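> Dropping in coords_25.txt, which is compact mmCIF, C-alpha atoms:
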# COMPACT_ATOMS: atom_id res chain seq x y z
CA MET A 271 78.44 -13.72 -3.24
CA SER A 272 81.84 -12.29 -2.42
CA TRP A 273 82.47 -10.68 0.97
CA MET A 274 83.31 -7.39 -0.68
CA PHE A 275 79.99 -7.28 -2.51
CA ARG A 276 78.12 -8.23 0.66
CA ILE A 277 79.74 -5.34 2.56
CA ILE A 278 78.88 -2.86 -0.20
CA LEU A 279 75.28 -4.07 -0.27
CA ILE A 280 74.93 -3.42 3.46
CA LEU A 281 76.96 -0.23 3.56
CA VAL A 282 75.14 1.59 0.75
CA PRO A 283 71.62 1.45 2.31
CA PHE A 284 73.06 2.67 5.61
CA LEU A 285 74.79 5.58 3.94
CA THR A 286 71.61 6.34 1.97
CA THR A 287 69.52 6.37 5.14
CA PHE A 288 72.02 8.61 6.88
CA TRP A 289 72.07 10.97 3.90
CA ILE A 290 68.24 11.08 3.73
CA LEU A 291 67.99 11.81 7.45
CA ARG A 292 70.52 14.61 7.24
CA LYS A 293 68.88 16.13 4.17
CA ILE A 294 65.45 16.04 5.80
CA ARG A 295 66.76 17.86 8.87
CA LYS A 296 68.68 20.43 6.87
CA SER A 297 66.00 21.32 4.35
CA GLN A 298 63.22 21.42 6.94
CA VAL A 299 61.01 18.88 5.23
CA ARG A 300 57.76 18.34 7.11
CA PHE A 301 57.83 15.09 9.04
CA GLU A 302 54.69 13.94 7.22
CA ASP A 303 56.54 14.08 3.93
CA ALA A 304 59.66 12.46 5.36
CA VAL A 305 57.95 9.38 6.77
CA PHE A 306 57.84 7.65 3.39
CA TRP A 307 61.54 8.09 2.80
CA LEU A 308 62.45 6.92 6.29
CA LEU A 309 60.42 3.75 5.86
CA PHE A 310 61.80 3.26 2.37
CA SER A 311 65.41 3.45 3.55
CA LEU A 312 64.66 1.16 6.50
CA GLY A 313 63.29 -1.31 3.99
CA LEU A 314 66.50 -1.11 1.99
CA ILE A 315 68.54 -1.83 5.12
CA MET A 316 66.39 -4.81 6.04
CA MET A 317 66.75 -6.22 2.54
CA SER A 318 70.54 -5.89 2.66
CA ILE A 319 70.92 -7.50 6.10
CA PHE A 320 68.39 -10.28 5.64
CA PRO A 321 68.41 -11.19 1.94
CA GLN A 322 66.61 -14.41 2.95
CA LEU A 323 63.51 -12.26 3.38
CA ILE A 324 63.54 -11.51 -0.34
CA ASP A 325 64.12 -15.11 -1.34
CA TRP A 326 61.35 -16.20 0.97
CA THR A 327 58.80 -13.65 -0.31
CA ALA A 328 59.71 -14.27 -3.95
CA ASP A 329 59.26 -17.97 -3.38
CA LEU A 330 55.92 -17.36 -1.67
CA ILE A 331 54.56 -15.33 -4.59
CA GLY A 332 56.04 -17.67 -7.12
CA ILE A 333 58.66 -15.49 -8.73
CA VAL A 334 61.63 -17.61 -9.74
CA SER A 335 64.27 -14.88 -9.67
CA PRO A 336 64.37 -12.90 -6.38
CA VAL A 337 66.25 -10.08 -8.16
CA LYS A 338 63.28 -9.50 -10.45
CA PHE A 339 61.03 -9.43 -7.42
CA VAL A 340 63.17 -6.67 -5.86
CA PHE A 341 62.98 -4.59 -9.05
CA LEU A 342 59.25 -5.13 -9.39
CA ALA A 343 58.48 -4.24 -5.78
CA ILE A 344 60.63 -1.11 -5.70
CA ILE A 345 59.39 0.17 -9.06
CA PHE A 346 55.82 -0.34 -7.93
CA VAL A 347 56.34 1.51 -4.66
CA LEU A 348 58.06 4.41 -6.46
CA LEU A 349 55.32 4.53 -9.10
CA ILE A 350 52.66 4.94 -6.43
CA LYS A 351 54.78 7.58 -4.75
CA GLU A 352 55.16 9.43 -8.05
CA PHE A 353 51.43 9.39 -8.58
CA LEU A 354 50.73 10.74 -5.09
CA LEU A 355 53.31 13.45 -5.72
CA SER A 356 51.57 14.37 -8.96
CA ILE A 357 48.30 14.75 -7.07
CA LYS A 358 50.02 16.92 -4.51
CA VAL A 359 51.49 19.22 -7.18
CA SER A 360 48.07 19.55 -8.75
CA GLN A 361 46.50 20.45 -5.43
CA LEU A 362 49.22 23.01 -4.77
CA GLU A 363 48.60 24.56 -8.19
CA TYR A 364 44.90 24.77 -7.39
CA LYS A 365 45.60 26.42 -4.05
CA LEU A 366 48.00 28.89 -5.61
CA ARG A 367 45.52 29.75 -8.36
CA THR A 368 42.68 30.29 -5.92
CA PHE A 369 44.94 32.41 -3.74
CA ALA A 370 46.04 34.61 -6.66
CA GLN A 371 42.44 35.05 -7.86
CA THR A 372 41.08 35.90 -4.43
CA TYR A 373 43.95 38.29 -3.88
CA VAL A 374 43.44 40.30 -7.10
CA ILE A 375 39.67 40.45 -6.75
CA GLN A 376 39.92 41.52 -3.11
CA SER A 377 42.53 44.19 -3.78
CA ARG A 378 40.43 45.49 -6.64
CA VAL A 379 37.36 45.73 -4.38
CA ASP A 380 39.44 47.48 -1.71
CA MET A 381 40.69 49.98 -4.27
CA GLU A 382 37.15 50.70 -5.46
CA ASN A 383 36.03 51.27 -1.87
CA ILE A 384 38.87 53.68 -1.21
CA LYS A 385 38.03 55.60 -4.36
CA LYS A 386 34.37 55.76 -3.35
CA MET A 387 35.33 57.08 0.08
CA GLU A 388 37.60 59.70 -1.41
CA THR A 389 34.98 61.05 -3.75
CA ARG A 390 32.46 61.13 -0.90
CA GLU A 391 34.87 63.12 1.26
CA ALA A 392 35.70 65.48 -1.57
CA HIS A 393 32.01 66.00 -2.12
CA LEU A 394 31.47 66.62 1.59
CA VAL A 395 34.23 69.21 1.70
CA ALA A 396 32.89 70.99 -1.34
CA SER A 397 29.33 71.14 -0.01
CA LYS A 398 29.95 72.14 3.64
CA PRO A 399 30.51 75.69 4.94
CA SER A 400 34.06 76.79 5.32
CA ILE A 401 34.31 76.13 9.06
CA PHE A 402 33.66 72.41 8.48
CA LYS A 403 36.10 72.42 5.66
CA PHE A 404 38.64 73.94 7.99
CA ILE A 405 38.07 71.26 10.65
CA TRP A 406 38.15 68.50 8.06
CA LEU A 407 41.41 69.76 6.65
CA LEU A 408 42.87 69.86 10.16
CA GLU A 409 41.86 66.25 10.70
CA VAL A 410 43.43 65.19 7.46
CA MET B 219 20.67 43.88 -16.71
CA LYS B 220 24.21 44.55 -15.59
CA THR B 221 26.58 43.18 -18.19
CA LEU B 222 30.32 42.66 -17.90
CA ILE B 223 32.76 41.98 -20.72
CA ILE B 224 35.64 39.76 -19.62
CA ILE B 225 38.75 40.25 -21.72
CA PRO B 226 41.57 37.84 -20.93
CA ALA B 227 44.89 39.21 -22.14
CA TYR B 228 48.35 37.70 -22.14
CA ASN B 229 51.05 39.66 -23.95
CA GLU B 230 48.51 41.64 -25.95
CA ALA B 231 50.24 45.04 -25.76
CA GLU B 232 49.88 45.47 -29.53
CA ASN B 233 46.16 44.75 -29.67
CA ILE B 234 44.58 45.64 -26.35
CA ALA B 235 44.21 49.39 -26.88
CA ALA B 236 42.49 48.91 -30.23
CA VAL B 237 40.19 46.26 -28.78
CA ILE B 238 39.08 48.50 -25.93
CA LYS B 239 38.64 51.54 -28.19
CA GLN B 240 36.47 49.48 -30.51
CA LEU B 241 34.45 48.21 -27.57
CA GLU B 242 33.92 51.71 -26.18
CA ASN B 243 32.88 52.99 -29.58
CA SER B 244 30.35 50.22 -30.10
CA SER B 245 28.44 50.85 -26.90
CA ALA B 246 29.24 53.51 -24.35
CA LYS B 247 27.43 52.07 -21.35
CA ILE B 248 29.01 48.71 -20.97
CA ASP B 249 31.38 47.55 -18.25
CA TYR B 250 34.44 45.55 -19.05
CA VAL B 251 37.42 44.17 -17.20
CA ILE B 252 40.75 43.17 -18.70
CA ILE B 253 42.33 40.20 -16.98
CA ASN B 254 46.02 40.77 -17.46
CA ASP B 255 47.49 37.30 -16.93
CA CYS B 256 50.90 38.48 -15.74
CA SER B 257 51.96 39.56 -19.24
CA ARG B 258 55.66 40.00 -19.83
CA ASP B 259 55.22 42.82 -22.34
CA ASP B 260 53.75 46.31 -21.86
CA THR B 261 50.10 45.23 -21.56
CA SER B 262 49.94 46.43 -17.97
CA VAL B 263 51.59 49.80 -18.77
CA ILE B 264 49.24 50.45 -21.70
CA CYS B 265 46.20 49.62 -19.56
CA LYS B 266 47.34 52.02 -16.84
CA GLN B 267 48.17 54.83 -19.28
CA ASN B 268 44.75 54.62 -20.89
CA GLU B 269 43.02 54.10 -17.54
CA PHE B 270 41.43 50.87 -18.72
CA SER B 271 39.57 48.78 -16.18
CA VAL B 272 42.12 46.06 -15.50
CA VAL B 273 42.87 43.32 -13.00
CA SER B 274 46.49 42.22 -13.06
CA LEU B 275 47.22 38.72 -11.83
CA PRO B 276 50.43 38.39 -9.81
CA ILE B 277 51.26 35.02 -11.37
CA ASN B 278 50.55 33.57 -14.81
CA LEU B 279 47.52 31.29 -14.55
CA GLY B 280 46.92 30.53 -18.22
CA ILE B 281 43.74 31.19 -20.18
CA GLY B 282 41.47 29.10 -17.95
CA GLY B 283 42.56 30.70 -14.70
CA GLY B 284 42.38 34.12 -16.31
CA VAL B 285 38.84 33.74 -17.59
CA GLN B 286 37.78 32.25 -14.27
CA THR B 287 39.17 35.35 -12.54
CA GLY B 288 36.82 37.34 -14.76
CA TYR B 289 33.87 35.24 -13.63
CA LEU B 290 34.88 35.70 -9.99
CA TYR B 291 35.00 39.43 -10.63
CA ALA B 292 31.52 39.33 -12.18
CA LEU B 293 30.23 37.31 -9.24
CA GLU B 294 31.75 39.68 -6.68
CA HIS B 295 30.33 42.75 -8.42
CA GLY B 296 26.87 41.26 -8.91
CA TYR B 297 26.68 41.17 -12.70
CA ASP B 298 23.75 39.42 -14.36
CA ILE B 299 25.48 38.64 -17.64
CA ALA B 300 29.14 38.03 -18.41
CA VAL B 301 30.60 37.97 -21.91
CA GLN B 302 33.99 36.50 -22.70
CA MET B 303 35.86 38.27 -25.47
CA ASP B 304 39.45 37.72 -26.57
CA GLY B 305 41.97 40.51 -26.16
CA ASP B 306 43.51 40.01 -29.57
CA GLY B 307 40.89 41.61 -31.81
CA GLN B 308 39.39 38.39 -33.16
CA HIS B 309 35.99 39.13 -31.71
CA ASP B 310 33.96 42.03 -33.04
CA PRO B 311 31.99 43.93 -30.38
CA ALA B 312 29.34 44.59 -33.04
CA TYR B 313 27.87 41.17 -32.14
CA LEU B 314 27.60 41.84 -28.41
CA ASN B 315 23.89 42.52 -28.62
CA ASP B 316 23.27 39.32 -30.57
CA LEU B 317 25.04 37.39 -27.83
CA ILE B 318 23.29 39.06 -24.94
CA GLU B 319 19.77 39.22 -26.32
CA PRO B 320 18.76 35.53 -25.87
CA ILE B 321 19.90 35.74 -22.25
CA ILE B 322 17.99 38.95 -21.58
CA HIS B 323 14.83 37.33 -22.93
CA ASN B 324 15.59 34.20 -20.90
CA LYS B 325 15.73 31.99 -23.98
CA ALA B 326 19.22 30.68 -23.25
CA ASP B 327 21.69 30.36 -20.39
CA ILE B 328 24.77 30.39 -22.58
CA VAL B 329 25.17 31.94 -26.01
CA ILE B 330 28.17 31.08 -28.14
CA GLY B 331 29.35 33.22 -31.04
CA SER B 332 29.86 30.75 -33.87
CA ARG B 333 31.91 31.04 -37.05
CA PHE B 334 30.29 28.03 -38.66
CA LEU B 335 26.63 28.95 -38.83
CA THR B 336 26.96 31.21 -41.84
CA ASN B 337 30.56 30.26 -42.67
CA GLU B 338 31.57 33.86 -43.17
CA GLY B 339 34.76 35.63 -42.13
CA PHE B 340 37.86 33.97 -40.73
CA GLN B 341 37.26 30.22 -40.75
CA SER B 342 40.56 28.89 -39.38
CA SER B 343 42.66 26.36 -41.27
CA GLU B 344 41.24 23.19 -42.82
CA ILE B 345 42.92 20.87 -40.36
CA ARG B 346 41.65 22.85 -37.40
CA ARG B 347 38.13 22.79 -38.77
CA VAL B 348 38.34 19.00 -38.91
CA GLY B 349 39.49 18.98 -35.30
CA ILE B 350 36.69 21.28 -34.23
CA LYS B 351 34.14 19.09 -36.04
CA PHE B 352 35.52 16.03 -34.25
CA LEU B 353 35.27 17.70 -30.85
CA SER B 354 31.79 18.89 -31.71
CA GLU B 355 30.74 15.28 -32.37
CA ILE B 356 32.28 14.07 -29.12
CA LEU B 357 30.40 16.78 -27.25
CA TYR B 358 27.19 15.77 -28.99
CA LEU B 359 27.72 12.12 -28.05
CA CYS B 360 28.49 12.96 -24.44
CA THR B 361 25.88 15.59 -23.78
CA GLY B 362 23.32 15.52 -26.57
CA ILE B 363 23.98 19.18 -27.21
CA ARG B 364 24.89 20.30 -30.70
CA VAL B 365 27.46 23.09 -30.74
CA LYS B 366 29.26 23.73 -34.01
CA ASP B 367 31.97 26.11 -32.88
CA VAL B 368 33.12 24.43 -29.68
CA THR B 369 36.41 26.32 -29.49
CA SER B 370 34.89 29.77 -29.81
CA GLY B 371 35.93 31.93 -26.89
CA TYR B 372 33.27 34.51 -27.68
CA ARG B 373 30.37 33.63 -25.43
CA ALA B 374 27.86 35.13 -23.03
CA VAL B 375 26.54 33.47 -19.88
CA ASN B 376 23.85 34.35 -17.37
CA ARG B 377 24.07 34.71 -13.61
CA LYS B 378 23.66 31.00 -12.92
CA PHE B 379 26.64 30.11 -15.03
CA ILE B 380 28.73 33.00 -13.76
CA GLU B 381 28.41 31.17 -10.44
CA VAL B 382 29.15 27.76 -11.98
CA TYR B 383 32.22 28.97 -13.86
CA ALA B 384 33.54 30.96 -10.90
CA LYS B 385 33.63 27.65 -9.06
CA GLU B 386 34.72 25.33 -11.83
CA TYR B 387 36.57 26.15 -15.02
CA ALA B 388 39.06 24.06 -17.00
CA GLN B 389 42.63 25.29 -17.16
CA ASP B 390 44.28 24.57 -20.53
CA TYR B 391 42.14 24.96 -23.66
CA PRO B 392 39.00 25.35 -21.54
CA GLU B 393 36.34 26.22 -24.15
CA PRO B 394 35.01 22.75 -25.10
CA GLU B 395 35.18 21.57 -21.50
CA ALA B 396 33.24 24.60 -20.35
CA ILE B 397 30.41 23.46 -22.62
CA VAL B 398 30.36 20.00 -20.99
CA VAL B 399 30.35 21.54 -17.54
CA ALA B 400 27.45 23.73 -18.61
CA ALA B 401 25.58 20.78 -20.13
CA MET B 402 25.92 18.83 -16.90
CA HIS B 403 24.29 21.76 -15.14
CA ASP B 404 21.36 21.66 -17.58
CA ALA B 405 22.32 24.74 -19.55
CA ARG B 406 20.27 25.90 -22.47
CA ILE B 407 23.00 26.59 -25.00
CA ARG B 408 22.46 28.55 -28.17
CA GLU B 409 24.76 29.55 -30.99
CA VAL B 410 24.52 32.81 -32.88
CA PRO B 411 26.43 33.58 -36.07
CA VAL B 412 29.38 35.93 -35.76
CA ILE B 413 32.16 36.91 -38.12
CA MET B 414 35.59 36.59 -36.59
CA HIS B 415 38.72 38.35 -37.74
CA GLU B 416 42.12 36.82 -38.01
CA ARG B 417 44.04 38.06 -34.99
CA SER B 418 45.41 41.54 -35.71
CA ARG B 419 48.95 40.98 -34.54
CA GLY B 420 50.97 38.54 -32.50
CA THR B 421 50.68 34.76 -32.60
CA SER B 422 47.93 32.44 -31.48
CA SER B 423 48.59 30.66 -28.22
CA ILE B 424 47.93 27.33 -29.92
CA THR B 425 50.77 26.38 -32.25
CA PHE B 426 50.57 23.61 -34.81
CA TRP B 427 52.55 21.19 -32.65
CA LYS B 428 50.33 21.72 -29.67
CA SER B 429 47.24 20.85 -31.69
CA ALA B 430 47.64 17.09 -31.37
CA TYR B 431 47.98 17.38 -27.62
CA TYR B 432 45.02 19.76 -27.61
CA MET B 433 42.79 17.24 -29.34
CA LEU B 434 43.80 14.38 -27.07
CA LYS B 435 43.54 16.35 -23.87
CA VAL B 436 40.19 17.94 -24.66
CA SER B 437 38.60 14.71 -25.93
CA LEU B 438 39.74 12.80 -22.85
CA ALA B 439 38.66 15.58 -20.53
CA VAL B 440 35.22 15.81 -22.11
CA VAL B 441 34.63 12.06 -21.94
CA LEU B 442 36.06 11.71 -18.43
CA TYR B 443 34.07 14.63 -17.13
CA ARG B 444 30.93 13.12 -18.60
CA ILE B 445 31.63 9.73 -17.04
CA THR B 446 32.55 11.05 -13.61
CA PHE B 447 29.72 13.54 -13.28
CA HIS B 448 27.11 10.86 -12.59
CA LYS B 449 24.23 12.16 -14.58
CA GLU B 450 21.83 10.47 -16.92
CA ARG B 451 22.45 11.17 -20.56
CA PRO B 452 19.56 13.23 -21.87
CA LYS B 453 17.29 11.50 -24.37
CA ILE B 454 17.77 12.67 -27.92
Rewrite the structure from the file as structure tokens, please.

Amino acid sequence: MSWMFRIILILVPFLTTFWILRKIRKSQVRFEDAVFWLLFSLGLIMMSIFPQLIDWTADLIGIVSPVKFVFLAIIFVLLIKEFLLSIKVSQLEYKLRTFAQTYVIQSRVDMENIKKMETREAHLVASKPSIFKFIWLLEV
Amino acid sequence: MKTLIIIPAYNEAENIAAVIKQLENSSAKIDYVIINDCSRDDTSVICKQNEFSVVSLPINLGIGGGVQTGYLYALEHGYDIAVQMDGDGQHDPAYLNDLIEPIIHNKADIVIGSRFLTNEGFQSSEIRRVGIKFLSEILYLCTGIRVKDVTSGYRAVNRKFIEVYAKEYAQDYPEPEAIVVAAMHDARIREVPVIMHERSRGTSSITFWKSAYYMLKVSLAVVLYRITFHKERPKI
């Protein structure tokens, strides 16, 4: 491995981590959602500084080419992440739906109650002697 | 018994007024609610102008979410029977009594208006009928309940299933799945013959290209729901 390539391999994960950190701060991502990406970028840094780790693990599992092991591991991690994300989107959709439904039903019930109250008041005004009507009108 | 007609409507400005007029002409003393699923056309304006009973969703939820809103409405207002009826003029209110009657006499929990009992009126295209037959068989295998017109959106349910559907209702293409959900809650399901019209105007929400996805999704959903519900298959 050439020196140049080695430097790039170490530099890129560092820059990526820095970029992720900055983005997380700027876009106000909840820490809970950021943890994964922090760990992920730390992992990338470790792999670039100590490539022996990869060779060692690949050897342990019995994968001949360490490069393939890196691809396999990262794709697997991202796949799981994607699946969890999909669940999260689904849950959000459910929450939004329930919110919209509760909101329309509740506002409809409120409107019906207001209408009921109005007709009751109108009825009251019509049926009471004029002095009450006068007081009621003053109150309104 | 207090009965509510649930009419889901998405971009039905051309049909909705006629549907409601027809409904009001058929029986004067029946409550209905239009669920306007955030239509982009004048559905909302037309409903307001005519003083129709309408609930307008702030975001588009799709047919499942819309119908479920209707069931929540029925639950909140204490209705005993809820009837789903499309807002596009396919379903004739003349059959309302046929749908409601078995529920009133406590002979069924759910009554489905079926095109295929007498095979009269609009029958849908050949390929769709094959699809419906296929789904019908899957439903029979999974639940032991024989429903011929599984995709019919013209159905009446009693109080128990108003509660069930208010809690749990499928989102896309919900009709066949709703039957499985009902079957898992021990529903007595009955079909009555109805004649459906081809939709007056506008296009069906299910285009030809979506049909394949429809079949796959619904079949999988039905089977998965059956497997994950943990209930003994009834003896046939």
> Write out as a PDB file with C-alpha atoms, in the coordinates of the input each polymer residue whose atoms come within 6 Å of segment 299-316 of chain B, counting all atoms listed in the file; drop sequence neighbours fewer than 5 positions from it.

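Output saved as out-v4.pdb:
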ATOM      1  CA  THR B 221      26.580  43.180 -18.190  1.00  0.00           C
ATOM      2  CA  LEU B 222      30.320  42.660 -17.900  1.00  0.00           C
ATOM      3  CA  ILE B 223      32.760  41.980 -20.720  1.00  0.00           C
ATOM      4  CA  ILE B 224      35.640  39.760 -19.620  1.00  0.00           C
ATOM      5  CA  ILE B 225      38.750  40.250 -21.720  1.00  0.00           C
ATOM      6  CA  PRO B 226      41.570  37.840 -20.930  1.00  0.00           C
ATOM      7  CA  ALA B 227      44.890  39.210 -22.140  1.00  0.00           C
ATOM      8  CA  ASN B 233      46.160  44.750 -29.670  1.00  0.00           C
ATOM      9  CA  ILE B 234      44.580  45.640 -26.350  1.00  0.00           C
ATOM     10  CA  VAL B 237      40.190  46.260 -28.780  1.00  0.00           C
ATOM     11  CA  LEU B 241      34.450  48.210 -27.570  1.00  0.00           C
ATOM     12  CA  TYR B 372      33.270  34.510 -27.680  1.00  0.00           C
ATOM     13  CA  ARG B 373      30.370  33.630 -25.430  1.00  0.00           C
ATOM     14  CA  ALA B 374      27.860  35.130 -23.030  1.00  0.00           C
ATOM     15  CA  VAL B 375      26.540  33.470 -19.880  1.00  0.00           C
ATOM     16  CA  ASN B 376      23.850  34.350 -17.370  1.00  0.00           C
ATOM     17  CA  ARG B 377      24.070  34.710 -13.610  1.00  0.00           C
ATOM     18  CA  MET B 414      35.590  36.590 -36.590  1.00  0.00           C
ATOM     19  CA  HIS B 415      38.720  38.350 -37.740  1.00  0.00           C
ATOM     20  CA  GLU B 416      42.120  36.820 -38.010  1.00  0.00           C
ATOM     21  CA  ARG B 417      44.040  38.060 -34.990  1.00  0.00           C
ATOM     22  CA  SER B 418      45.410  41.540 -35.710  1.00  0.00           C
TER      23      SER B 418
END
> Pull out every residue of chain B that has at least one atom within 12 Å of chain A, counting only C-alpha atoms, and report them as a ChimeraX atom specification.
/B:251,253-256,271-280,282-295,384-389
> So, counting all atoms listed in the file, which residue among B:Cys265, B:Ile380, B:Val365, B:Ile281 is closest to Ile407 of chain B?
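Distance minimum relative to Ile407 of chain B lands on B:Val365.
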> Just how far from atom CA of Ala400 of chain B is atom CA of Ile321 of chain B, in Å to one decimal?
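Answer for the atom CA of Ile321 of chain B to atom CA of Ala400 of chain B separation: 14.6 Å.
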> Considering all atoms listed in the file, return as a PyMOL selection string whatever protein or nucleic-acid residues lie within 9 Å of Val337 of chain A, sequence-local ones (same chain, fewer than 5 positions apart) excluded.
chain A and resi 324-325+328+342
> List the neighbours of segment 286-297 of chain A out to 10 Å using all atoms listed in the file; skip same-chain residues closer than 5 positions along the sequence, and give me the result as a ChimeraX atom specification.
/A:281,303-304,307-315
> Just to confirm, what's the straight-line distance from atom CA of Gly349 of chain B to atom CA of Met433 of chain B in Å (one decimal)?
7.0 Å
> Work out how far apart atom CA of Asp390 of chain B and atom CA of Tyr432 of chain B are and give it in Å to one decimal.
8.6 Å
> Dump as a list in words all residues having an atom at most 12 Å from (40.1, 16.4, -17.5), computed in the file's coordinates with only C-alpha atoms.
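Here is the list of nearby residues: Glu386, Tyr387, Ala388, Gln389, Asp390, Tyr391, Pro392, Pro394, Glu395, Ala396, Val398, Val399, Tyr432, Leu434, Lys435, Val436, Ser437, Leu438, Ala439, Val440, Val441, Leu442, Tyr443, Arg444, Ile445, Thr446 and Phe447 of chain B.
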> What are the centre and the three edge lengths of an axis-aligned box that wraps all atoms of segment 258-273 of chain B in the file, given that 8 Å is added to every side, written as lines of an AutoDock Vina configuration file and rounded to one decimal in Å?

center_x = 47.6
center_y = 47.4
center_z = -17.7
size_x = 32.1
size_y = 30.8
size_z = 25.3
> Just the residues within 12 Å of Leu279 of chain A, please, counting only C-alpha atoms, with nothing from its chain fewer than 6 positions along; format it as a PyMOL selection string.
chain A and resi 271-273+285-286+314-321
> Write out, as an mmCIF file, in the coordinates of the input, the residues just selected, with C-alpha atoms.

data_model
loop_
_atom_site.group_PDB
_atom_site.id
_atom_site.type_symbol
_atom_site.label_atom_id
_atom_site.label_comp_id
_atom_site.auth_asym_id
_atom_site.auth_seq_id
_atom_site.Cartn_x
_atom_site.Cartn_y
_atom_site.Cartn_z
ATOM 1 C CA MET A 271 78.440 -13.720 -3.240
ATOM 2 C CA SER A 272 81.840 -12.290 -2.420
ATOM 3 C CA TRP A 273 82.470 -10.680 0.970
ATOM 4 C CA LEU A 285 74.790 5.580 3.940
ATOM 5 C CA THR A 286 71.610 6.340 1.970
ATOM 6 C CA LEU A 314 66.500 -1.110 1.990
ATOM 7 C CA ILE A 315 68.540 -1.830 5.120
ATOM 8 C CA MET A 316 66.390 -4.810 6.040
ATOM 9 C CA MET A 317 66.750 -6.220 2.540
ATOM 10 C CA SER A 318 70.540 -5.890 2.660
ATOM 11 C CA ILE A 319 70.920 -7.500 6.100
ATOM 12 C CA PHE A 320 68.390 -10.280 5.640
ATOM 13 C CA PRO A 321 68.410 -11.190 1.940
#
> Using all atoms listed in the file, find the one residue out of B:Thr261, B:Ser245, B:Ser429, B:Asn337 that sits nearest to Lys366 of chain B.
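Ranked by minimum distance to Lys366 of chain B, first place goes to B:Asn337.
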> Quick one: segment 322-326 of chain A with all heavy atoms, as a PDB file, keeping the file's coordinate frame?

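And here is the file that came out, out21.pdb:
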ATOM      1  N   GLN A 322      67.504 -13.244   2.942  1.00  0.00           N
ATOM      2  CA  GLN A 322      66.610 -14.410   2.950  1.00  0.00           C
ATOM      3  C   GLN A 322      65.158 -13.989   2.837  1.00  0.00           C
ATOM      4  O   GLN A 322      64.327 -14.708   2.273  1.00  0.00           O
ATOM      5  CB  GLN A 322      66.774 -15.236   4.240  1.00  0.00           C
ATOM      6  CG  GLN A 322      68.179 -15.575   4.647  1.00  0.00           C
ATOM      7  CD  GLN A 322      68.812 -14.475   5.482  1.00  0.00           C
ATOM      8  OE1 GLN A 322      69.332 -13.516   4.933  1.00  0.00           O
ATOM      9  NE2 GLN A 322      68.800 -14.628   6.802  1.00  0.00           N
ATOM     10  N   LEU A 323      64.866 -12.789   3.429  1.00  0.00           N
ATOM     11  CA  LEU A 323      63.510 -12.260   3.380  1.00  0.00           C
ATOM     12  C   LEU A 323      63.012 -12.173   1.938  1.00  0.00           C
ATOM     13  O   LEU A 323      61.872 -12.530   1.630  1.00  0.00           O
ATOM     14  CB  LEU A 323      63.472 -10.863   4.000  1.00  0.00           C
ATOM     15  CG  LEU A 323      63.297 -10.782   5.523  1.00  0.00           C
ATOM     16  CD1 LEU A 323      63.350  -9.329   5.954  1.00  0.00           C
ATOM     17  CD2 LEU A 323      61.971 -11.420   5.928  1.00  0.00           C
ATOM     18  N   ILE A 324      63.910 -11.676   1.073  1.00  0.00           N
ATOM     19  CA  ILE A 324      63.540 -11.510  -0.340  1.00  0.00           C
ATOM     20  C   ILE A 324      63.298 -12.863  -0.982  1.00  0.00           C
ATOM     21  O   ILE A 324      62.270 -13.089  -1.636  1.00  0.00           O
ATOM     22  CB  ILE A 324      64.641 -10.755  -1.096  1.00  0.00           C
ATOM     23  CG1 ILE A 324      64.830  -9.363  -0.484  1.00  0.00           C
ATOM     24  CG2 ILE A 324      64.298 -10.637  -2.579  1.00  0.00           C
ATOM     25  CD1 ILE A 324      66.078  -8.674  -0.942  1.00  0.00           C
ATOM     26  N   ASP A 325      64.260 -13.776  -0.766  1.00  0.00           N
ATOM     27  CA  ASP A 325      64.120 -15.110  -1.340  1.00  0.00           C
ATOM     28  C   ASP A 325      62.804 -15.740  -0.914  1.00  0.00           C
ATOM     29  O   ASP A 325      62.052 -16.301  -1.711  1.00  0.00           O
ATOM     30  CB  ASP A 325      65.282 -16.012  -0.873  1.00  0.00           C
ATOM     31  CG  ASP A 325      66.623 -15.484  -1.361  1.00  0.00           C
ATOM     32  OD1 ASP A 325      66.609 -14.676  -2.331  1.00  0.00           O
ATOM     33  OD2 ASP A 325      67.657 -15.845  -0.768  1.00  0.00           O
ATOM     34  N   TRP A 326      62.533 -15.589   0.385  1.00  0.00           N
ATOM     35  CA  TRP A 326      61.350 -16.200   0.970  1.00  0.00           C
ATOM     36  C   TRP A 326      60.060 -15.640   0.342  1.00  0.00           C
ATOM     37  O   TRP A 326      59.173 -16.380  -0.066  1.00  0.00           O
ATOM     38  CB  TRP A 326      61.382 -15.935   2.474  1.00  0.00           C
ATOM     39  CG  TRP A 326      60.290 -16.660   3.212  1.00  0.00           C
ATOM     40  CD1 TRP A 326      60.259 -18.001   3.494  1.00  0.00           C
ATOM     41  CD2 TRP A 326      59.110 -16.078   3.742  1.00  0.00           C
ATOM     42  NE1 TRP A 326      59.124 -18.301   4.174  1.00  0.00           N
ATOM     43  CE2 TRP A 326      58.387 -17.138   4.346  1.00  0.00           C
ATOM     44  CE3 TRP A 326      58.593 -14.790   3.784  1.00  0.00           C
ATOM     45  CZ2 TRP A 326      57.171 -16.938   4.974  1.00  0.00           C
ATOM     46  CZ3 TRP A 326      57.388 -14.594   4.415  1.00  0.00           C
ATOM     47  CH2 TRP A 326      56.680 -15.650   5.004  1.00  0.00           C
TER      48      TRP A 326
END
